[in-house]
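Enquirer: Sending over final.tsv (TSV, C-alpha atoms).
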```
chain	number	residue	atom	x	y	z
A	26	MET	CA	0.00	0.00	0.00
A	27	LYS	CA	1.30	3.41	-1.03
A	28	SER	CA	2.02	5.91	1.67
A	29	PRO	CA	0.13	9.24	1.77
A	30	LYS	CA	3.31	10.97	0.83
A	31	THR	CA	3.75	8.86	-2.25
A	32	MET	CA	0.13	9.48	-3.29
A	33	ALA	CA	0.51	13.21	-2.81
A	34	VAL	CA	3.59	13.23	-4.98
A	35	ALA	CA	1.72	11.32	-7.68
A	36	GLU	CA	-1.23	13.71	-7.57
A	37	LEU	CA	1.06	16.71	-7.79
A	38	ALA	CA	2.90	15.22	-10.74
A	39	GLN	CA	-0.27	14.47	-12.75
A	40	PRO	CA	-1.31	18.13	-13.42
A	41	ARG	CA	2.20	18.89	-14.59
A	42	VAL	CA	1.95	16.15	-17.24
A	43	VAL	CA	-1.39	17.50	-18.49
A	44	ALA	CA	-0.17	21.09	-18.38
A	45	ASP	CA	2.96	20.13	-20.36
A	46	ALA	CA	0.85	18.23	-22.94
A	47	GLU	CA	-1.62	21.03	-23.63
A	48	PRO	CA	0.66	23.28	-25.71
A	49	VAL	CA	2.00	20.24	-27.54
A	50	ALA	CA	-1.45	18.87	-28.46
A	51	PRO	CA	-2.11	21.24	-31.40
A	52	ALA	CA	1.30	20.41	-32.88
A	53	PRO	CA	0.15	17.27	-34.76
A	54	THR	CA	-2.66	19.31	-36.35
A	55	LYS	CA	-0.27	21.87	-37.88
A	56	PRO	CA	1.12	19.57	-40.57
A	57	LYS	CA	-2.44	18.46	-41.37
A	58	ALA	CA	-3.66	22.03	-41.72
A	59	LYS	CA	-0.64	22.89	-43.84
A	60	ALA	CA	-1.15	19.82	-46.03
A	61	LYS	CA	-4.83	20.71	-46.46
A	62	SER	CA	-3.98	24.27	-47.40
A	63	THR	CA	-1.37	23.09	-49.88
A	64	SER	CA	-3.81	20.62	-51.37
A	65	MET	CA	-6.43	23.34	-51.86
A	66	ALA	CA	-3.89	25.64	-53.44
A	67	GLU	CA	-2.79	22.92	-55.81
A	68	SER	CA	-6.38	22.11	-56.64
A	69	GLY	CA	-7.14	25.75	-57.35
A	70	SER	CA	-4.08	25.97	-59.59
A	71	VAL	CA	-5.19	22.97	-61.61
A	72	LEU	CA	-8.69	24.36	-62.01
A	73	ALA	CA	-7.36	27.71	-63.17
A	74	VAL	CA	-5.15	26.13	-65.79
A	75	SER	CA	-7.75	23.70	-67.04
A	76	ALA	CA	-10.57	26.25	-67.36
A	77	PRO	CA	-11.57	26.11	-71.03
A	78	SER	CA	-11.79	29.85	-71.61
A	79	ALA	CA	-8.82	31.02	-69.57
A	80	LYS	CA	-5.94	30.01	-71.82
A	81	PRO	CA	-7.42	30.85	-75.25
A	82	VAL	CA	-8.43	34.36	-74.18
A	83	ARG	CA	-5.01	35.03	-72.72
A	84	ARG	CA	-3.21	33.64	-75.75
A	85	ARG	CA	-5.34	35.45	-78.28
A	86	GLY	CA	-4.95	38.75	-76.54
A	87	ASN	CA	-1.19	38.80	-76.20
A	88	ARG	CA	0.71	35.88	-77.72
A	89	ARG	CA	-0.87	34.90	-81.04
A	90	SER	CA	1.74	33.92	-83.57
A	91	GLU	CA	0.75	35.20	-87.02
A	92	GLN	CA	2.88	32.56	-88.72
A	93	THR	CA	1.25	29.73	-86.79
A	94	VAL	CA	-2.21	31.04	-87.58
A	95	ASP	CA	-1.32	31.41	-91.27
A	96	ASN	CA	-0.10	27.80	-91.27
A	97	ILE	CA	-3.38	26.68	-89.70
A	98	PHE	CA	-5.36	28.56	-92.36
A	99	GLU	CA	-3.30	27.04	-95.18
A	100	ALA	CA	-3.82	23.58	-93.70
A	101	THR	CA	-7.54	24.28	-93.32
A	102	GLU	CA	-7.83	25.16	-97.01
A	103	GLN	CA	-5.97	21.97	-97.97
A	104	VAL	CA	-8.28	19.85	-95.85
A	105	ILE	CA	-11.45	21.56	-97.11
A	106	LEU	CA	-10.42	21.24	-100.76
A	107	LYS	CA	-9.67	17.58	-100.15
A	108	SER	CA	-12.59	16.48	-98.00
A	109	GLY	CA	-15.08	19.36	-97.88
A	110	ALA	CA	-16.00	21.62	-94.98
A	111	ASP	CA	-18.52	19.17	-93.53
A	112	ARG	CA	-15.88	16.49	-93.06
A	113	ILE	CA	-13.07	18.65	-91.74
A	114	SER	CA	-11.41	17.34	-88.58
A	115	ILE	CA	-9.23	19.27	-86.19
A	116	LEU	CA	-6.75	16.39	-86.04
A	117	GLU	CA	-6.37	16.44	-89.83
A	118	VAL	CA	-5.78	20.20	-89.77
A	119	CYS	CA	-3.18	19.78	-87.03
A	120	ASN	CA	-1.36	17.09	-89.02
A	121	ALA	CA	-1.38	19.23	-92.17
A	122	ALA	CA	-0.07	22.24	-90.24
A	123	SER	CA	2.48	20.12	-88.30
A	124	ILE	CA	1.21	21.31	-84.93
A	125	SER	CA	-0.22	19.62	-81.85
A	126	ARG	CA	-3.85	19.78	-80.80
A	127	GLY	CA	-2.76	21.82	-77.78
A	128	THR	CA	-1.22	24.44	-80.07
A	129	PHE	CA	-4.40	24.52	-82.16
A	130	TYR	CA	-6.58	25.20	-79.11
A	131	ARG	CA	-4.43	28.15	-78.13
A	132	TYR	CA	-5.89	29.98	-81.11
A	133	PHE	CA	-9.28	28.38	-81.86
A	134	ALA	CA	-11.82	26.97	-79.44
A	135	SER	CA	-13.75	24.86	-81.94
A	136	GLN	CA	-14.14	23.76	-85.53
A	137	GLU	CA	-16.87	26.38	-86.04
A	138	GLU	CA	-14.59	29.17	-84.83
A	139	LEU	CA	-11.83	27.96	-87.15
A	140	LEU	CA	-14.11	27.98	-90.22
A	141	SER	CA	-15.44	31.45	-89.39
A	142	ALA	CA	-11.92	32.82	-88.98
A	143	PHE	CA	-10.76	31.06	-92.16
A	144	SER	CA	-13.60	32.66	-94.13
A	145	LYS	CA	-12.65	36.11	-92.84
A	146	HIS	CA	-8.99	35.41	-93.62
A	147	LYS	CA	-9.83	34.52	-97.24
A	148	ARG	CA	-11.90	37.67	-97.63
A	149	GLU	CA	-9.24	39.97	-96.19
A	150	ARG	CA	-6.47	38.38	-98.23
A	151	PHE	CA	-8.47	38.89	-101.44
A	152	HIS	CA	-9.01	42.60	-100.77
A	153	LYS	CA	-5.46	43.16	-99.57
A	154	SER	CA	-3.86	41.61	-102.65
A	155	LEU	CA	-6.26	43.53	-104.92
A	156	ALA	CA	-5.34	46.82	-103.22
A	157	GLU	CA	-1.63	46.00	-103.61
A	158	ALA	CA	-2.13	45.27	-107.32
A	159	LEU	CA	-3.86	48.63	-107.87
A	160	ALA	CA	-1.51	50.73	-105.72
A	161	PRO	CA	1.03	51.53	-108.51
A	162	CYS	CA	-1.69	52.50	-111.04
A	163	THR	CA	-2.03	56.28	-111.26
A	164	ASP	CA	-3.79	56.37	-114.64
A	165	PRO	CA	-7.56	55.70	-114.25
A	166	ASP	CA	-7.82	53.51	-117.37
A	167	GLN	CA	-4.78	51.51	-116.31
A	168	ARG	CA	-6.22	51.12	-112.81
A	169	PHE	CA	-9.53	49.81	-114.14
A	170	ALA	CA	-7.81	47.43	-116.60
A	171	THR	CA	-5.56	46.14	-113.80
A	172	MET	CA	-8.59	45.43	-111.63
A	173	LEU	CA	-10.28	43.48	-114.42
A	174	THR	CA	-7.10	41.47	-114.97
A	175	TYR	CA	-6.88	40.72	-111.26
A	176	LEU	CA	-10.51	39.54	-111.11
A	177	ASN	CA	-9.98	37.36	-114.18
A	178	ASN	CA	-6.86	35.76	-112.71
A	179	TYR	CA	-8.67	35.21	-109.43
A	180	LEU	CA	-11.35	33.27	-111.27
A	181	ASP	CA	-8.84	31.44	-113.43
A	182	ILE	CA	-6.24	30.28	-110.91
A	183	GLY	CA	-7.93	30.78	-107.53
A	184	SER	CA	-9.34	27.99	-105.39
A	185	SER	CA	-12.84	29.44	-105.02
A	186	ARG	CA	-14.29	27.40	-107.91
A	187	ARG	CA	-12.87	24.20	-106.45
A	188	LEU	CA	-14.23	25.24	-103.07
A	189	LEU	CA	-17.69	25.61	-104.58
A	190	LEU	CA	-17.53	22.03	-105.88
A	191	VAL	CA	-16.26	20.28	-102.76
A	192	ALA	CA	-17.91	22.48	-100.12
A	193	PRO	CA	-20.89	24.19	-101.76
A	194	GLU	CA	-22.65	25.28	-98.57
A	195	PHE	CA	-19.47	26.77	-97.12
A	196	ALA	CA	-18.64	28.49	-100.45
A	197	LEU	CA	-22.10	30.01	-100.81
A	198	ASN	CA	-21.98	31.36	-97.26
A	199	PHE	CA	-18.57	32.80	-98.06
A	200	PHE	CA	-19.94	34.54	-101.16
A	201	LYS	CA	-22.82	35.99	-99.14
A	202	ARG	CA	-20.40	37.38	-96.58
A	203	ILE	CA	-18.08	38.88	-99.18
A	204	PHE	CA	-20.78	40.43	-101.39
A	205	HIS	CA	-21.63	43.71	-99.62
A	206	ASP	CA	-18.09	44.10	-98.35
A	207	ALA	CA	-16.77	43.79	-101.92
A	208	VAL	CA	-19.25	46.38	-103.24
A	209	VAL	CA	-18.05	48.92	-100.67
A	210	ARG	CA	-14.36	48.18	-101.17
A	211	PHE	CA	-14.62	48.24	-104.96
A	212	GLN	CA	-16.04	51.76	-104.73
A	213	ASP	CA	-13.06	52.86	-102.64
A	214	LEU	CA	-10.50	51.21	-104.90
A	215	LEU	CA	-12.09	52.59	-108.08
A	216	ALA	CA	-12.66	56.10	-106.72
A	217	PRO	CA	-10.03	57.68	-109.03
A	218	VAL	CA	-11.57	55.83	-111.99
A	219	PHE	CA	-15.08	57.04	-111.17
A	220	ASP	CA	-13.80	60.59	-110.68
A	221	ALA	CA	-12.28	60.56	-114.18
A	222	TRP	CA	-15.44	59.10	-115.71
A	223	ASP	CA	-17.64	61.68	-113.98
A	224	ASP	CA	-15.47	64.51	-115.36
A	225	SER	CA	-15.54	63.13	-118.90
A	226	LEU	CA	-19.32	62.60	-118.83
A	227	ASP	CA	-20.16	65.77	-116.92
A	228	ALA	CA	-22.40	63.50	-114.87
A	229	LYS	CA	-22.13	61.30	-111.81
A	230	LEU	CA	-22.15	57.54	-112.20
A	231	ASP	CA	-24.03	55.46	-109.66
A	232	ARG	CA	-20.86	53.92	-108.24
A	233	GLU	CA	-22.61	51.51	-105.95
A	234	LEU	CA	-24.69	50.16	-108.83
A	235	VAL	CA	-21.68	49.70	-111.13
A	236	CYS	CA	-19.67	47.92	-108.40
A	237	GLU	CA	-22.60	45.74	-107.44
A	238	LEU	CA	-23.04	44.63	-111.07
A	239	MET	CA	-19.31	43.87	-111.27
A	240	VAL	CA	-19.42	41.74	-108.12
A	241	ARG	CA	-22.52	39.93	-109.36
A	242	LEU	CA	-20.81	39.16	-112.67
A	243	VAL	CA	-17.79	37.74	-110.87
A	244	LEU	CA	-19.93	35.58	-108.60
A	245	SER	CA	-22.10	34.38	-111.47
A	246	ASP	CA	-18.97	33.26	-113.30
A	247	HIS	CA	-18.20	31.08	-110.30
A	248	LEU	CA	-21.60	29.45	-110.56
A	249	VAL	CA	-21.77	29.21	-114.35
A	250	ALA	CA	-18.21	29.33	-115.63
A	251	ASP	CA	-17.56	30.20	-119.26
A	252	GLY	CA	-14.45	28.21	-120.11
A	253	SER	CA	-14.57	29.04	-123.80
A	254	ASP	CA	-12.93	32.45	-123.46
A	255	ARG	CA	-10.43	33.28	-120.76
A	256	LEU	CA	-10.95	37.04	-121.21
A	257	ALA	CA	-14.75	36.91	-121.40
A	258	MET	CA	-15.25	38.32	-117.90
A	259	PRO	CA	-13.11	41.48	-118.35
A	260	ARG	CA	-14.73	42.17	-121.70
A	261	ARG	CA	-18.24	41.79	-120.27
A	262	ILE	CA	-17.47	44.18	-117.45
A	263	MET	CA	-15.88	46.70	-119.82
A	264	ARG	CA	-18.87	46.48	-122.15
A	265	LEU	CA	-21.19	47.02	-119.20
A	266	VAL	CA	-19.33	50.14	-118.09
A	267	GLU	CA	-19.08	51.56	-121.61
A	268	THR	CA	-22.82	51.05	-122.05
A	269	LEU	CA	-23.50	52.96	-118.86
A	270	ARG	CA	-21.13	55.75	-119.88
A	271	ARG	CA	-22.52	56.17	-123.41
A	272	GLY	CA	-26.17	55.43	-122.83
A	273	GLY	CA	-26.64	57.23	-119.54
A	274	GLY	CA	-27.71	54.12	-117.61
A	275	GLY	CA	-26.71	54.31	-113.98
A	276	LEU	CA	-26.07	58.05	-114.27
A	277	ALA	CA	-27.22	60.75	-111.94
A	278	ARG	CA	-27.08	64.24	-113.47
A	279	ARG	CA	-25.18	66.81	-111.49
```
What does the file become when written as C-alpha cells?
Expert:
Amino acid sequence: MKSPKTMAVAELAQPRVVADAEPVAPAPTKPKAKAKSTSMAESGSVLAVSAPSAKPVRRRGNRRSEQTVDNIFEATEQVILKSGADRISILEVCNAASISRGTFYRYFASQEELLSAFSKHKRERFHKSLAEALAPCTDPDQRFATMLTYLNNYLDIGSSRRLLLVAPEFALNFFKRIFHDAVVRFQDLLAPVFDAWDDSLDAKLDRELVCELMVRLVLSDHLVADGSDRLAMPRRIMRLVETLRRGGGGLARR
C-alpha cells in the first residue's frame, strides 16, 4: 500500500503532465492544416489552368503567332479542298499544319470558330492583294484594266471554284459574306476611276450600282463558268461600263 506521501507526490505530478501536454497537443494538427492548405492551393491551380476559356483568351490577346495562324489557315484550305468543310477534322488540320492539338486550341476553341476565322482570312487576303495590285496604277484607265485582270486571274487560278464544288454550302456562305463588303471596297479602290469618268461625262455615275453589277458578274462566273474564253469576264465588265457611260444608264445628273 502506497504511503500518503507517495500518493501526494503522484497527484502533484499528474497536473504537470497535463499542463505540459496542452501546448503540444495542437502540434500534430499543424502539418495536417498545412497539407490541407497546400492541397487546396494545388487544386485551385489545376482548375485555373484547365478552365476552357482562360488560356485561349489570354493567348489570343497577347501571344498569337501570325505565322502559326497562317499555317493553320493554309492547312484548313488543304483539308477543305480535299474532304469538304462538312468532313473537316481538327486532327487532320493539325497534321497538315504540323502542330499539336494543344497548339491549335491556343488559337481556336472549336471547328466552327476555325471555319469562321478562315472565311474572314480569305476575304481579307483577297481585298489586300487587290489593293496592292492597284496601288502603282495612277492612270484611271490603267487602274480599271488592272482590276479586271486581277478579277480574271482570281477566277482562273484561284481555289474558289474548287471550293464551290467540294464544299458548296461553305462556299455560298462565303460569297454571301463577301458580297456587300466587296461592293463597298470596290467603290473605294475605283474612286479615281469614277472621278475621271464623272469629269468626262459631266455626270455622276451610280458607283454603288456599277460595283454591285461587277461583283454579281464575278460571282455568277463562279456558278456558271464560261471556259470558252479566258478574257470573257473582263470584256463583259468593260462592255457594261461603256454602255453605262454612253447610254446614260446608272447616271445621276449633277
Enquirer: Using only C-alpha atoms, find the one residue out of A:Asn120, A:Cys162, A:Thr268, A:Ala192 that sits nearest to Lys107 in chain A.
Expert: A:Ala192
Enquirer: Restricting the calculation to all atoms listed in the file, which member of A:Leu244, A:Leu197, A:Ile182, A:Ala216 is positioned closest to Pro165 in chain A?
Expert: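 Closest to Pro165 in chain A, using all atoms listed in the file: A:Ala216.
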Enquirer: Separation of CA of Arg126 in chain A and CA of Ser185 in chain A, in Å?
Expert: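 For CA of Arg126 in chain A relative to CA of Ser185 in chain A, the distance reads 27.6 Å.
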Enquirer: Would you mind reading off the distance between CA of Lys201 in chain A and CA of Ala160 in chain A, one decimal, in Å?
Expert: 26.7 Å
Enquirer: Find the residue from A:Leu180, A:Leu248, A:Leu140, A:Val94 that sits nearest to Ile115 in chain A; use all atoms listed in the file when measuring.
Expert: A:Leu140
Enquirer: Write out as an MDAnalysis selection string the residues lying within 12 Å of His205 in chain A, counting all atoms listed in the file and excluding same-chain residues fewer than 3 positions away.
Expert: chainID A and resid 148 199:202 208:212 233:234 236:241
Enquirer: Neighbours of Phe129 in chain A within 12 Å (all atoms listed in the file; same-chain residues fewer than 3 positions away dropped), as a ChimeraX atom specification?
Expert: /A:80-81,84-85,89-90,93-98,100-101,114-126,132-136,138-139
Enquirer: Can you tell me how far CA of Val266 in chain A sits from CA of Thr163 in chain A, in Å to one decimal?
Expert: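 Answer for the CA of Val266 in chain A to CA of Thr163 in chain A separation: 19.6 Å.
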Enquirer: Which is closest to Ala196 in chain A among A:Asp181, A:Glu149, A:Glu267, A:Asp111, if we use only C-alpha atoms?
Expert: A:Asp111
Enquirer: Please enclose the listed atoms of range 103-121 of chain A in an axis-aligned box, pad each side by 6 Å, and write out the centre and the three edge lengths in Å, rounded to one decimal, as lines of an AutoDock Vina configuration file.
Expert:
```
center_x = -9.9
center_y = 19.2
center_z = -93.4
size_x = 29.2
size_y = 17.6
size_z = 26.7
```
Enquirer: Tell me which protein, DNA and RNA residues are within 7 Å of Tyr175 in chain A, counting all atoms listed in the file, leaving out same-chain ones fewer than 4 positions away, and put them as a PyMOL selection string.
Expert: chain A and resi 155+171+179
Enquirer: With all atoms listed in the file as the atoms that count, which of A:Phe169, A:Phe143, A:Tyr130, A:Phe151 lies nearest to Val218 in chain A?
Expert: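 Of A:Phe169, A:Phe143, A:Tyr130, A:Phe151, the one nearest Val218 in chain A is A:Phe169, counting all atoms listed in the file.
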